[in-house]
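*Asks:* Structure file target.cif, mmCIF, C-alpha atoms, is pasted below:
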data_input
#
loop_
_atom_site.group_PDB
_atom_site.id
_atom_site.type_symbol
_atom_site.label_atom_id
_atom_site.label_comp_id
_atom_site.auth_asym_id
_atom_site.auth_seq_id
_atom_site.Cartn_x
_atom_site.Cartn_y
_atom_site.Cartn_z
ATOM 1 C CA MET A 1 6.925 1.978 14.975
ATOM 2 C CA ASP A 2 9.215 -0.216 12.881
ATOM 3 C CA ILE A 3 7.066 -3.147 11.864
ATOM 4 C CA GLY A 4 9.705 -4.578 9.586
ATOM 5 C CA TRP A 5 9.819 -5.508 5.931
ATOM 6 C CA ALA A 6 8.641 -9.054 6.699
ATOM 7 C CA HIS A 7 5.237 -7.545 7.487
ATOM 8 C CA THR A 8 4.951 -4.479 5.219
ATOM 9 C CA GLY A 9 6.391 -6.171 2.128
ATOM 10 C CA THR A 10 4.362 -9.356 2.446
ATOM 11 C CA SER A 11 1.226 -7.325 3.327
ATOM 12 C CA ILE A 12 1.490 -5.269 0.117
ATOM 13 C CA VAL A 13 2.248 -8.296 -2.087
ATOM 14 C CA ALA A 14 -0.458 -10.518 -0.546
ATOM 15 C CA SER A 15 -3.086 -7.775 -0.700
ATOM 16 C CA PHE A 16 -2.150 -6.798 -4.282
ATOM 17 C CA LEU A 17 -2.254 -10.343 -5.653
ATOM 18 C CA ALA A 18 -5.432 -11.381 -3.810
ATOM 19 C CA SER A 19 -7.225 -8.162 -4.796
ATOM 20 C CA LEU A 20 -6.033 -8.550 -8.386
ATOM 21 C CA VAL A 21 -7.852 -11.886 -8.682
ATOM 22 C CA GLU A 22 -11.111 -10.393 -7.349
ATOM 23 C CA CYS A 23 -10.810 -7.219 -9.487
ATOM 24 C CA VAL A 24 -10.243 -9.286 -12.659
ATOM 25 C CA GLU A 25 -13.438 -11.258 -11.924
ATOM 26 C CA ALA A 26 -15.412 -8.029 -11.383
ATOM 27 C CA LEU A 27 -13.943 -6.467 -14.538
ATOM 28 C CA THR A 28 -15.092 -9.446 -16.640
ATOM 29 C CA VAL A 29 -18.725 -8.930 -15.611
ATOM 30 C CA ILE A 30 -18.593 -5.107 -15.869
ATOM 31 C CA LEU A 31 -17.134 -5.392 -19.393
ATOM 32 C CA ALA A 32 -19.912 -7.822 -20.353
ATOM 33 C CA VAL A 33 -22.595 -5.517 -18.910
ATOM 34 C CA GLY A 34 -21.080 -2.356 -20.448
ATOM 35 C CA SER A 35 -20.531 -3.780 -23.928
ATOM 36 C CA VAL A 36 -24.040 -5.288 -24.159
ATOM 37 C CA ARG A 37 -26.218 -2.753 -22.325
ATOM 38 C CA GLY A 38 -24.198 0.483 -22.406
ATOM 39 C CA TRP A 39 -21.304 1.886 -20.418
ATOM 40 C CA ARG A 40 -22.916 4.767 -18.532
ATOM 41 C CA SER A 41 -25.190 2.763 -16.216
ATOM 42 C CA ALA A 42 -22.586 0.003 -15.809
ATOM 43 C CA LEU A 43 -19.848 2.427 -14.730
ATOM 44 C CA VAL A 44 -22.205 4.372 -12.431
ATOM 45 C CA GLY A 45 -23.233 1.051 -10.821
ATOM 46 C CA ALA A 46 -19.596 0.036 -10.261
ATOM 47 C CA ALA A 47 -18.655 3.501 -8.941
ATOM 48 C CA THR A 48 -21.636 3.521 -6.521
ATOM 49 C CA ALA A 49 -20.587 0.131 -5.140
ATOM 50 C CA ILE A 50 -17.000 1.366 -4.658
ATOM 51 C CA ALA A 51 -18.357 4.410 -2.758
ATOM 52 C CA VAL A 52 -20.493 2.149 -0.498
ATOM 53 C CA LEU A 53 -17.467 -0.087 0.128
ATOM 54 C CA LEU A 54 -15.298 2.921 1.053
ATOM 55 C CA ILE A 55 -17.890 3.954 3.663
ATOM 56 C CA ILE A 56 -17.903 0.395 5.071
ATOM 57 C CA VAL A 57 -14.081 0.309 5.163
ATOM 58 C CA THR A 58 -13.935 3.668 6.980
ATOM 59 C CA ALA A 59 -16.512 2.496 9.548
ATOM 60 C CA LEU A 60 -14.819 -0.885 10.067
ATOM 61 C CA GLY A 61 -11.373 0.696 10.287
ATOM 62 C CA THR A 62 -12.549 3.010 13.079
ATOM 63 C CA ALA A 63 -14.282 0.158 14.928
ATOM 64 C CA LEU A 64 -11.225 -2.096 14.691
ATOM 65 C CA THR A 65 -9.027 0.405 16.534
ATOM 66 C CA ARG A 66 -11.242 -0.026 19.642
ATOM 67 C CA ILE A 67 -10.824 -3.807 19.879
ATOM 68 C CA PRO A 68 -7.793 -5.223 21.761
ATOM 69 C CA LEU A 69 -5.112 -6.427 19.311
ATOM 70 C CA PRO A 70 -4.878 -10.083 20.544
ATOM 71 C CA ILE A 71 -8.637 -10.509 19.961
ATOM 72 C CA ILE A 72 -8.339 -9.057 16.442
ATOM 73 C CA GLN A 73 -5.317 -11.255 15.758
ATOM 74 C CA PHE A 74 -7.173 -14.379 16.860
ATOM 75 C CA VAL A 75 -10.496 -13.665 15.095
ATOM 76 C CA VAL A 76 -8.991 -12.240 11.905
ATOM 77 C CA GLY A 77 -6.263 -14.897 11.941
ATOM 78 C CA THR A 78 -8.881 -17.665 12.174
ATOM 79 C CA LEU A 79 -10.847 -16.216 9.244
ATOM 80 C CA LEU A 80 -7.605 -15.758 7.332
ATOM 81 C CA LEU A 81 -6.634 -19.378 7.987
ATOM 82 C CA LEU A 82 -9.987 -20.660 6.705
ATOM 83 C CA PHE A 83 -9.766 -18.360 3.686
ATOM 84 C CA GLY A 84 -6.081 -18.887 2.890
ATOM 85 C CA LEU A 85 -6.024 -22.655 3.340
ATOM 86 C CA ARG A 86 -9.229 -22.967 1.271
ATOM 87 C CA TRP A 87 -7.600 -21.005 -1.588
ATOM 88 C CA LEU A 88 -4.382 -22.999 -1.286
ATOM 89 C CA ARG A 89 -6.225 -26.329 -1.258
ATOM 90 C CA LYS A 90 -8.221 -25.324 -4.342
ATOM 91 C CA ALA A 91 -5.092 -24.027 -6.137
ATOM 92 C CA ILE A 92 -3.282 -27.319 -5.442
ATOM 93 C CA LEU A 93 -6.231 -29.314 -6.801
ATOM 94 C CA ARG A 94 -6.493 -27.038 -9.867
ATOM 95 C CA SER A 95 -2.753 -27.316 -10.547
ATOM 96 C CA ALA A 96 -3.105 -31.105 -10.269
ATOM 97 C CA GLY A 97 -5.894 -30.995 -12.874
ATOM 98 C CA LEU A 98 -8.575 -32.238 -10.475
ATOM 99 C CA ILE A 99 -10.665 -29.031 -10.588
ATOM 100 C CA PRO A 100 -11.175 -27.095 -13.849
ATOM 101 C CA LEU A 101 -9.379 -23.743 -14.195
ATOM 102 C CA HIS A 102 -11.410 -20.515 -14.084
ATOM 103 C CA ASP A 103 -11.977 -19.223 -17.641
ATOM 104 C CA GLU A 104 -12.528 -15.433 -17.871
ATOM 105 C CA GLU A 105 -13.425 -15.569 -21.580
ATOM 106 C CA ALA A 106 -16.108 -18.192 -20.893
ATOM 107 C CA ALA A 107 -17.390 -16.098 -17.968
ATOM 108 C CA PHE A 108 -17.476 -13.015 -20.246
ATOM 109 C CA ALA A 109 -19.442 -14.889 -22.927
ATOM 110 C CA LYS A 110 -21.869 -16.296 -20.345
ATOM 111 C CA ASN A 111 -22.506 -12.885 -18.758
ATOM 112 C CA SER A 112 -22.868 -11.172 -22.142
ATOM 113 C CA GLU A 113 -25.454 -13.765 -23.170
ATOM 114 C CA ALA A 114 -27.329 -13.315 -19.894
ATOM 115 C CA MET A 115 -27.414 -9.524 -20.415
ATOM 116 C CA ARG A 116 -28.707 -9.908 -23.998
ATOM 117 C CA ASN A 117 -31.472 -12.230 -22.788
ATOM 118 C CA LEU A 118 -32.743 -9.512 -20.454
ATOM 119 C CA GLY A 119 -33.939 -7.424 -23.398
ATOM 120 C CA THR A 120 -32.819 -4.142 -24.932
ATOM 121 C CA GLY A 121 -31.333 -1.623 -22.572
ATOM 122 C CA ARG A 122 -29.829 1.108 -24.720
ATOM 123 C CA THR A 123 -31.729 3.854 -22.922
ATOM 124 C CA ALA A 124 -30.255 6.775 -21.001
ATOM 125 C CA TRP A 125 -30.709 4.980 -17.700
ATOM 126 C CA ASP A 126 -30.540 1.172 -17.623
ATOM 127 C CA LYS A 127 -31.526 -0.265 -14.241
ATOM 128 C CA ILE A 128 -30.417 -3.778 -15.167
ATOM 129 C CA ALA A 129 -26.926 -2.622 -16.169
ATOM 130 C CA PHE A 130 -26.652 -0.522 -13.001
ATOM 131 C CA ALA A 131 -27.811 -3.393 -10.752
ATOM 132 C CA ALA A 132 -25.564 -5.983 -12.411
ATOM 133 C CA ALA A 133 -22.450 -3.774 -12.199
ATOM 134 C CA PHE A 134 -23.328 -2.701 -8.636
ATOM 135 C CA ASN A 135 -23.866 -6.302 -7.503
ATOM 136 C CA ILE A 136 -20.629 -7.710 -8.926
ATOM 137 C CA THR A 137 -18.577 -4.766 -7.623
ATOM 138 C CA MET A 138 -20.147 -5.128 -4.160
ATOM 139 C CA LEU A 139 -19.594 -8.884 -4.241
ATOM 140 C CA GLU A 140 -15.959 -8.910 -5.328
ATOM 141 C CA GLY A 141 -15.309 -5.624 -3.483
ATOM 142 C CA THR A 142 -16.540 -7.116 -0.190
ATOM 143 C CA GLU A 143 -14.017 -9.906 -0.685
ATOM 144 C CA VAL A 144 -11.280 -7.317 -1.307
ATOM 145 C CA VAL A 145 -12.332 -5.428 1.854
ATOM 146 C CA PHE A 146 -12.128 -8.646 3.837
ATOM 147 C CA ILE A 147 -8.720 -9.442 2.369
ATOM 148 C CA VAL A 148 -7.389 -5.965 3.244
ATOM 149 C CA ILE A 149 -8.752 -6.132 6.800
ATOM 150 C CA ALA A 150 -7.537 -9.702 7.276
ATOM 151 C CA ILE A 151 -4.048 -8.896 6.060
ATOM 152 C CA GLY A 152 -3.813 -5.449 7.610
ATOM 153 C CA ALA A 153 -5.601 -5.683 10.951
ATOM 154 C CA GLY A 154 -3.342 -8.264 12.568
ATOM 155 C CA ARG A 155 -0.638 -5.767 13.465
ATOM 156 C CA THR A 156 -0.454 -2.024 14.077
ATOM 157 C CA GLY A 157 0.653 -0.224 10.940
ATOM 158 C CA THR A 158 -0.049 -2.926 8.341
ATOM 159 C CA LEU A 159 -3.550 -1.733 7.372
ATOM 160 C CA PHE A 160 -2.086 1.043 5.208
ATOM 161 C CA PRO A 161 0.301 -1.218 3.221
ATOM 162 C CA ALA A 162 -2.513 -3.745 2.747
ATOM 163 C CA SER A 163 -4.853 -0.977 1.487
ATOM 164 C CA LEU A 164 -2.084 0.256 -0.797
ATOM 165 C CA GLY A 165 -1.771 -3.206 -2.350
ATOM 166 C CA ALA A 166 -5.549 -3.397 -2.967
ATOM 167 C CA VAL A 167 -5.692 0.116 -4.497
ATOM 168 C CA ALA A 168 -2.725 -0.738 -6.750
ATOM 169 C CA ALA A 169 -4.560 -3.897 -7.902
ATOM 170 C CA LEU A 170 -7.742 -1.920 -8.607
ATOM 171 C CA LEU A 171 -5.847 0.736 -10.604
ATOM 172 C CA THR A 172 -3.935 -1.959 -12.531
ATOM 173 C CA VAL A 173 -7.144 -3.745 -13.528
ATOM 174 C CA ILE A 174 -8.910 -0.463 -14.446
ATOM 175 C CA ALA A 175 -5.916 0.524 -16.607
ATOM 176 C CA PHE A 176 -5.910 -2.837 -18.415
ATOM 177 C CA GLY A 177 -9.704 -2.681 -18.789
ATOM 178 C CA LEU A 178 -9.496 0.777 -20.401
ATOM 179 C CA ILE A 179 -6.707 -0.296 -22.748
ATOM 180 C CA LEU A 180 -7.968 -3.753 -23.753
ATOM 181 C CA HIS A 181 -11.790 -3.460 -23.452
ATOM 182 C CA ARG A 182 -11.969 -7.243 -23.035
ATOM 183 C CA PRO A 183 -11.532 -9.699 -20.147
ATOM 184 C CA LEU A 184 -8.039 -10.321 -18.820
ATOM 185 C CA ALA A 185 -8.032 -13.960 -19.883
ATOM 186 C CA ARG A 186 -4.265 -14.293 -19.756
ATOM 187 C CA VAL A 187 -3.939 -13.483 -16.060
ATOM 188 C CA PRO A 188 -2.546 -16.681 -14.518
ATOM 189 C CA GLU A 189 -5.352 -16.791 -11.967
ATOM 190 C CA ASN A 190 -4.504 -20.153 -10.466
ATOM 191 C CA THR A 191 -0.832 -19.208 -10.027
ATOM 192 C CA LEU A 192 -1.966 -16.023 -8.253
ATOM 193 C CA LYS A 193 -4.349 -18.013 -6.053
ATOM 194 C CA PHE A 194 -1.553 -20.477 -5.321
ATOM 195 C CA ILE A 195 0.807 -17.683 -4.181
ATOM 196 C CA VAL A 196 -1.925 -15.812 -2.287
ATOM 197 C CA GLY A 197 -3.097 -19.030 -0.627
ATOM 198 C CA VAL A 198 0.448 -19.608 0.630
ATOM 199 C CA LEU A 199 0.799 -16.006 1.877
ATOM 200 C CA LEU A 200 -2.619 -15.858 3.581
ATOM 201 C CA SER A 201 -2.181 -19.276 5.210
ATOM 202 C CA ALA A 202 1.174 -18.117 6.602
ATOM 203 C CA PHE A 203 -0.300 -14.820 7.884
ATOM 204 C CA GLY A 204 -3.280 -16.632 9.401
ATOM 205 C CA THR A 205 -1.115 -19.217 11.156
ATOM 206 C CA PHE A 206 1.173 -16.490 12.516
ATOM 207 C CA TRP A 207 -1.629 -14.254 13.792
ATOM 208 C CA VAL A 208 -3.710 -16.998 15.374
ATOM 209 C CA GLY A 209 -0.500 -18.032 17.156
ATOM 210 C CA GLU A 210 0.105 -14.446 18.291
ATOM 211 C CA GLY A 211 -3.529 -14.165 19.400
ATOM 212 C CA MET A 212 -3.115 -17.342 21.514
ATOM 213 C CA HIS A 213 0.176 -15.985 22.949
ATOM 214 C CA LEU A 214 2.306 -18.660 21.289
ATOM 215 C CA ALA A 215 5.980 -17.777 20.872
ATOM 216 C CA TRP A 216 7.148 -18.020 17.283
ATOM 217 C CA PRO A 217 10.872 -18.796 16.962
ATOM 218 C CA ALA A 218 12.614 -15.748 15.346
ATOM 219 C CA ASP A 219 9.516 -13.586 16.053
ATOM 220 C CA ASP A 220 8.266 -11.713 12.953
ATOM 221 C CA TRP A 221 10.721 -13.483 10.661
ATOM 222 C CA SER A 222 8.848 -16.717 11.347
ATOM 223 C CA ILE A 223 6.297 -15.497 8.839
ATOM 224 C CA LEU A 224 8.863 -16.007 6.066
ATOM 225 C CA ALA A 225 9.584 -19.524 7.348
ATOM 226 C CA LEU A 226 5.839 -20.254 7.383
ATOM 227 C CA ILE A 227 5.545 -18.984 3.782
ATOM 228 C CA ALA A 228 8.430 -21.258 2.722
ATOM 229 C CA ALA A 229 6.946 -24.240 4.563
ATOM 230 C CA TYR A 230 3.431 -23.846 3.098
ATOM 231 C CA LEU A 231 4.926 -23.325 -0.378
ATOM 232 C CA ALA A 232 7.031 -26.493 -0.060
ATOM 233 C CA ILE A 233 3.999 -28.522 1.093
ATOM 234 C CA ALA A 234 1.853 -27.177 -1.756
ATOM 235 C CA LEU A 235 4.524 -27.876 -4.377
ATOM 236 C CA VAL A 236 4.886 -31.454 -3.117
ATOM 237 C CA MET A 237 1.106 -31.985 -3.014
ATOM 238 C CA VAL A 238 0.489 -31.006 -6.681
ATOM 239 C CA PRO A 239 2.342 -33.970 -8.290
ATOM 240 C CA LEU A 240 1.184 -36.242 -5.476
ATOM 241 C CA CYS A 241 -2.495 -35.457 -6.114
ATOM 242 C CA ARG A 242 -1.938 -35.677 -9.887
ATOM 243 C CA SER A 243 -0.346 -39.106 -9.600
ATOM 244 C CA GLN A 244 -3.123 -40.351 -7.299
ATOM 245 C CA SER A 245 -5.694 -39.232 -9.828
ATOM 246 C CA LYS A 246 -3.767 -40.613 -12.825
ATOM 247 C CA SER A 247 -3.184 -43.983 -11.219
ATOM 248 C CA SER A 248 -6.672 -45.212 -12.105
ATOM 249 C CA ALA A 249 -8.615 -42.683 -14.208
ATOM 250 C CA PRO A 250 -8.476 -43.231 -17.996
ATOM 251 C CA ILE A 251 -6.880 -40.256 -19.829
ATOM 252 C CA GLY A 252 -10.008 -39.587 -21.902
ATOM 253 C CA GLU A 253 -12.028 -38.961 -18.727
ATOM 254 C CA ARG A 254 -9.789 -36.186 -17.465
ATOM 255 C CA SER A 255 -10.262 -32.546 -18.485
ATOM 256 C CA MET B 1 -32.447 -7.340 -0.416
ATOM 257 C CA LYS B 2 -31.556 -10.261 -2.668
ATOM 258 C CA TRP B 3 -28.074 -8.864 -3.242
ATOM 259 C CA ILE B 4 -27.426 -8.789 0.533
ATOM 260 C CA LYS B 5 -28.304 -12.511 0.708
ATOM 261 C CA THR B 6 -26.007 -13.171 -2.253
ATOM 262 C CA ILE B 7 -23.162 -11.248 -0.611
ATOM 263 C CA LEU B 8 -23.671 -13.117 2.708
ATOM 264 C CA ARG B 9 -23.644 -16.430 0.829
ATOM 265 C CA GLU B 10 -20.478 -15.385 -1.011
ATOM 266 C CA ILE B 11 -18.809 -14.338 2.253
ATOM 267 C CA TYR B 12 -19.623 -17.743 3.778
ATOM 268 C CA GLY B 13 -18.216 -19.311 0.612
ATOM 269 C CA LEU B 14 -14.988 -17.349 1.134
ATOM 270 C CA PHE B 15 -14.224 -19.469 4.182
ATOM 271 C CA VAL B 16 -15.996 -22.747 3.558
ATOM 272 C CA ASP B 17 -16.301 -24.904 0.464
ATOM 273 C CA ASP B 18 -15.364 -28.266 1.974
ATOM 274 C CA GLY B 19 -17.165 -28.401 5.330
ATOM 275 C CA ALA B 20 -14.970 -31.191 6.734
ATOM 276 C CA PHE B 21 -11.803 -29.209 5.898
ATOM 277 C CA ALA B 22 -13.067 -26.021 7.600
ATOM 278 C CA LEU B 23 -14.323 -28.015 10.601
ATOM 279 C CA ALA B 24 -10.969 -29.797 10.982
ATOM 280 C CA ILE B 25 -9.172 -26.410 11.093
ATOM 281 C CA LEU B 26 -11.572 -25.074 13.750
ATOM 282 C CA ILE B 27 -11.302 -28.269 15.848
ATOM 283 C CA TRP B 28 -7.509 -28.049 15.643
ATOM 284 C CA LEU B 29 -7.645 -24.414 16.879
ATOM 285 C CA GLY B 30 -9.797 -25.566 19.805
ATOM 286 C CA LEU B 31 -7.377 -28.395 20.604
ATOM 287 C CA ILE B 32 -4.409 -26.017 20.559
ATOM 288 C CA GLY B 33 -6.308 -23.715 22.946
ATOM 289 C CA TRP B 34 -6.893 -26.701 25.219
ATOM 290 C CA ILE B 35 -3.208 -27.741 25.035
ATOM 291 C CA ILE B 36 -2.089 -24.230 26.010
ATOM 292 C CA SER B 37 -4.402 -24.087 29.024
ATOM 293 C CA ARG B 38 -3.868 -27.656 30.294
ATOM 294 C CA LEU B 39 -0.349 -28.753 29.386
ATOM 295 C CA ASP B 40 2.825 -27.097 30.560
ATOM 296 C CA LEU B 41 4.568 -26.942 27.190
ATOM 297 C CA SER B 42 6.860 -24.232 25.879
ATOM 298 C CA PRO B 43 4.864 -21.703 23.741
ATOM 299 C CA ALA B 44 7.466 -22.142 20.970
ATOM 300 C CA ILE B 45 6.870 -25.920 20.894
ATOM 301 C CA VAL B 46 3.104 -25.388 20.819
ATOM 302 C CA ALA B 47 3.574 -22.942 17.901
ATOM 303 C CA LEU B 48 5.391 -25.622 15.906
ATOM 304 C CA ILE B 49 2.774 -28.260 16.814
ATOM 305 C CA PHE B 50 0.081 -25.784 15.735
ATOM 306 C CA PHE B 51 1.650 -25.317 12.286
ATOM 307 C CA ALA B 52 2.326 -29.056 11.878
ATOM 308 C CA GLY B 53 -1.348 -29.821 12.561
ATOM 309 C CA LEU B 54 -2.544 -27.296 9.994
ATOM 310 C CA ALA B 55 -0.101 -28.674 7.432
ATOM 311 C CA LEU B 56 -1.379 -32.220 8.084
ATOM 312 C CA ILE B 57 -5.002 -31.096 7.683
ATOM 313 C CA LEU B 58 -4.138 -29.503 4.313
ATOM 314 C CA ILE B 59 -2.232 -32.581 3.121
ATOM 315 C CA GLU B 60 -4.934 -35.016 4.251
ATOM 316 C CA SER B 61 -7.764 -32.971 2.714
ATOM 317 C CA THR B 62 -6.133 -32.542 -0.720
ATOM 318 C CA ALA B 63 -5.034 -36.199 -0.802
ATOM 319 C CA ARG B 64 -8.554 -37.319 0.191
ATOM 320 C CA TYR B 65 -10.049 -35.226 -2.619
ATOM 321 C CA ALA B 66 -7.585 -36.713 -5.133
ATOM 322 C CA ARG B 67 -8.436 -40.255 -3.958
ATOM 323 C CA ARG B 68 -12.167 -39.518 -4.312
ATOM 324 C CA LYS B 69 -11.578 -38.346 -7.902
ATOM 325 C CA ARG B 70 -10.183 -41.756 -8.901
#
Output the file's structure in the form of C-alpha cells.

*Replies:*
Amino acid sequence: MDIGWAHTGTSIVASFLASLVECVEALTVILAVGSVRGWRSALVGAATAIAVLLIIVTALGTALTRIPLPIIQFVVGTLLLLFGLRWLRKAILRSAGLIPLHDEEAAFAKNSEAMRNLGTGRTAWDKIAFAAAFNITMLEGTEVVFIVIAIGAGRTGTLFPASLGAVAALLTVIAFGLILHRPLARVPENTLKFIVGVLLSAFGTFWVGEGMHLAWPADDWSILALIAAYLAIALVMVPLCRSQSKSSAPIGERS
Amino acid sequence: MKWIKTILREIYGLFVDDGAFALAILIWLGLIGWIISRLDLSPAIVALIFFAGLALILIESTARYARRKR
C-alpha cells in the first residue's frame, strides 16, 4: 500500500525528534546513576526496562491490529491532540521566557547528589542503581512507546516508520552517551519540543478528523497544511506572549 | 508497586498539565461530534471548523497564561 511520503516522512521525523527528547532525559539520569554508583547495575537496570518495554510494544502492536481503524484513529488522535498541543503550548511559553528552560546539567547534578546521599553502592550488585536506572528507563520509555503508537497507529503501514524513528533516536543518544559520558546539555530541547508539538498536533487533528469521518481538503496532503498552520500560529504566539509579559513585569523579575 | 504509580502519574501528565486547556480540547471534540450528527454541513467545512477551534483554544490558553504572568 502506498501511504505516501506525507505520512512516512513526517512519521519518522516526528517519532525521532520526540523520542530524542525522552531518551536525552533518561540518559541524564542513567549517567548520574552510573557515574556515582557504578555502571554495571545501572546498565542492567536500563537494559531490563528496555526488554520489558519491547514485550509491552509487541503485545500492544498485536492488540491494535484487532481494533477497527476509525476507532484507533479517534482514540489515538485524541490522545495525540492532548499530548501534542500540551507540548506546543509549553514550548511557546518557554520560547517566550514565561516558563524556565529544562537544564540537563542541573538535572545531572541533582540526580548525582541524590545518588550520593543514598550511601555507598560500589558493590558487585547495587539494587539502588538498578532500580533508579530501571525506573527512569521505564518512565521515559513508556512515553516513547506512547509516542510511537500515537504516531504510527493512525494509519496502516506507519507503525514501522514511527518505530524506526524511535530506534534511531535511541541509538543516537546511546552513541553520544558512550562518546561524551556526560549529559547532552547542548541539545536544543525546547526547539525539538516546539517542532514535535507542531507535528503531533497536526497528526492528532488529522486523525481525529479521519476518525470522525471528516473530509480533509487534499486528503493526506492536508497534514502538511496543518503542520504549516500550527507552526505559523506558534511562531506568532511567541512574541505575542513575550510582549504581554514584558508590558508590565520589571526586567529584574524575569528569569 | 511505587514505580507503577509513578509511571501512571507520568502518563497522565503527558496529556494534562493545564486542566482547563485539556478540558477545552475535549469539549471541542464533543461539540464537533454533535455538529456532525445534528447539522447538515459539508464534512470538509466541519474539518476546517474543527482545526480553527483547536487553534483558538491554543491561542487563548497561551495568551491567558502570559496575562496571568504579568

*Asks:* Using the chain letters and residue numbers of this document, give as a ChimeraX atom specification the residues selected by the PyMOL selection byres ((chain B) within 9 of (chain A)).

*Replies:* /B:3,6-7,10-11,14-18,21-22,25-26,29,32-33,36,42-48,50-51,54-55,58-59,61-70

*Asks:* Tell me which residues the PyMOL selection byres ((chain A and resi 173) around 9) grabs here, as a ChimeraX atom specification.

*Replies:* /A:20,23-24,27,168-172,174-178,184

*Asks:* Could you turn the residues from that selection into a file that holds C-alpha atoms, as a PDB file, in the coordinates of the input?

*Replies:*
ATOM      1  CA  LEU A  20      -6.033  -8.550  -8.386  1.00  0.00           C
ATOM      2  CA  CYS A  23     -10.810  -7.219  -9.487  1.00  0.00           C
ATOM      3  CA  VAL A  24     -10.243  -9.286 -12.659  1.00  0.00           C
ATOM      4  CA  LEU A  27     -13.943  -6.467 -14.538  1.00  0.00           C
ATOM      5  CA  ALA A 168      -2.725  -0.738  -6.750  1.00  0.00           C
ATOM      6  CA  ALA A 169      -4.560  -3.897  -7.902  1.00  0.00           C
ATOM      7  CA  LEU A 170      -7.742  -1.920  -8.607  1.00  0.00           C
ATOM      8  CA  LEU A 171      -5.847   0.736 -10.604  1.00  0.00           C
ATOM      9  CA  THR A 172      -3.935  -1.959 -12.531  1.00  0.00           C
ATOM     10  CA  ILE A 174      -8.910  -0.463 -14.446  1.00  0.00           C
ATOM     11  CA  ALA A 175      -5.916   0.524 -16.607  1.00  0.00           C
ATOM     12  CA  PHE A 176      -5.910  -2.837 -18.415  1.00  0.00           C
ATOM     13  CA  GLY A 177      -9.704  -2.681 -18.789  1.00  0.00           C
ATOM     14  CA  LEU A 178      -9.496   0.777 -20.401  1.00  0.00           C
ATOM     15  CA  LEU A 184      -8.039 -10.321 -18.820  1.00  0.00           C
TER      16      LEU A 184
END

*Asks:* Figure out the distance between atom CA of A:Val57 and atom CA of A:Phe160, please, to one decimal in Å.

*Replies:* 12.0 Å

*Asks:* Measure the distance from atom CA of A:Gly211 to atom CA of A:Val76 in Å and round it to one decimal.

*Replies:*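 Value for the atom CA of A:Gly211-atom CA of A:Val76 distance: 9.5 Å.
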
*Asks:* Atom CA of A:Phe16 and atom CA of A:Gln73, how far apart in Å?

*Replies:*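 We find that atom CA of A:Gln73 and atom CA of A:Phe16 lie 20.8 Å from each other.
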
*Asks:* List every protein, DNA or RNA residue that has an atom no more than 7 Å from (-9.6, -14.8, -9.2) in the file's coordinate frame, counting only C-alpha atoms, and report them as a VMD selection string.

*Replies:* chain A and resid 21 to 22 24 to 25 189 193

*Asks:* As lines of an AutoDock Vina configuration file, please report the centre and edge lengths, rounded to one decimal in Å, of the axis-aligned box that holds all listed atoms of stretch 64-67 of chain B with 8 Å of padding on each of the six sides.

*Replies:*
center_x = -8.8
center_y = -37.7
center_z = -2.5
size_x = 18.5
size_y = 21.0
size_z = 21.3

*Asks:* Residues at most 10 Å from A:Gly34, counting all atoms listed in the file, excluding those fewer than 3 positions away in the same chain, as a ChimeraX atom specification?

*Replies:* /A:29-31,37-43,112,115,129-130,132-133,181

*Asks:* Return stretch 70-81 of chain A, completed with N, CA and C atoms, as a short mmCIF file (atom, residue, chain, number, x, y, z; two decimals), in the coordinates of the input.

*Replies:*
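Resulting contents of rebuild30.cif:
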data_model
loop_
_atom_site.label_atom_id
_atom_site.label_comp_id
_atom_site.auth_asym_id
_atom_site.auth_seq_id
_atom_site.Cartn_x
_atom_site.Cartn_y
_atom_site.Cartn_z
N PRO A 70 -4.87 -8.60 20.54
CA PRO A 70 -4.88 -10.08 20.54
C PRO A 70 -6.20 -10.67 20.07
N ILE A 71 -7.32 -10.00 20.40
CA ILE A 71 -8.64 -10.51 19.96
C ILE A 71 -8.74 -10.40 18.44
N ILE A 72 -8.31 -9.23 17.90
CA ILE A 72 -8.34 -9.06 16.44
C ILE A 72 -7.46 -10.10 15.78
N GLN A 73 -6.25 -10.29 16.35
CA GLN A 73 -5.32 -11.26 15.76
C GLN A 73 -5.93 -12.65 15.72
N PHE A 74 -6.61 -13.03 16.81
CA PHE A 74 -7.17 -14.38 16.86
C PHE A 74 -8.35 -14.53 15.89
N VAL A 75 -9.29 -13.57 15.94
CA VAL A 75 -10.50 -13.66 15.10
C VAL A 75 -10.13 -13.54 13.61
N VAL A 76 -9.38 -12.46 13.31
CA VAL A 76 -8.99 -12.24 11.90
C VAL A 76 -8.08 -13.37 11.42
N GLY A 77 -7.17 -13.80 12.30
CA GLY A 77 -6.26 -14.90 11.94
C GLY A 77 -7.02 -16.18 11.63
N THR A 78 -8.08 -16.46 12.42
CA THR A 78 -8.88 -17.66 12.17
C THR A 78 -9.58 -17.58 10.81
N LEU A 79 -10.18 -16.40 10.54
CA LEU A 79 -10.85 -16.22 9.24
C LEU A 79 -9.84 -16.32 8.10
N LEU A 80 -8.66 -15.74 8.35
CA LEU A 80 -7.60 -15.76 7.33
C LEU A 80 -7.13 -17.19 7.06
N LEU A 81 -7.04 -17.98 8.14
CA LEU A 81 -6.63 -19.38 7.99
C LEU A 81 -7.64 -20.15 7.14
#
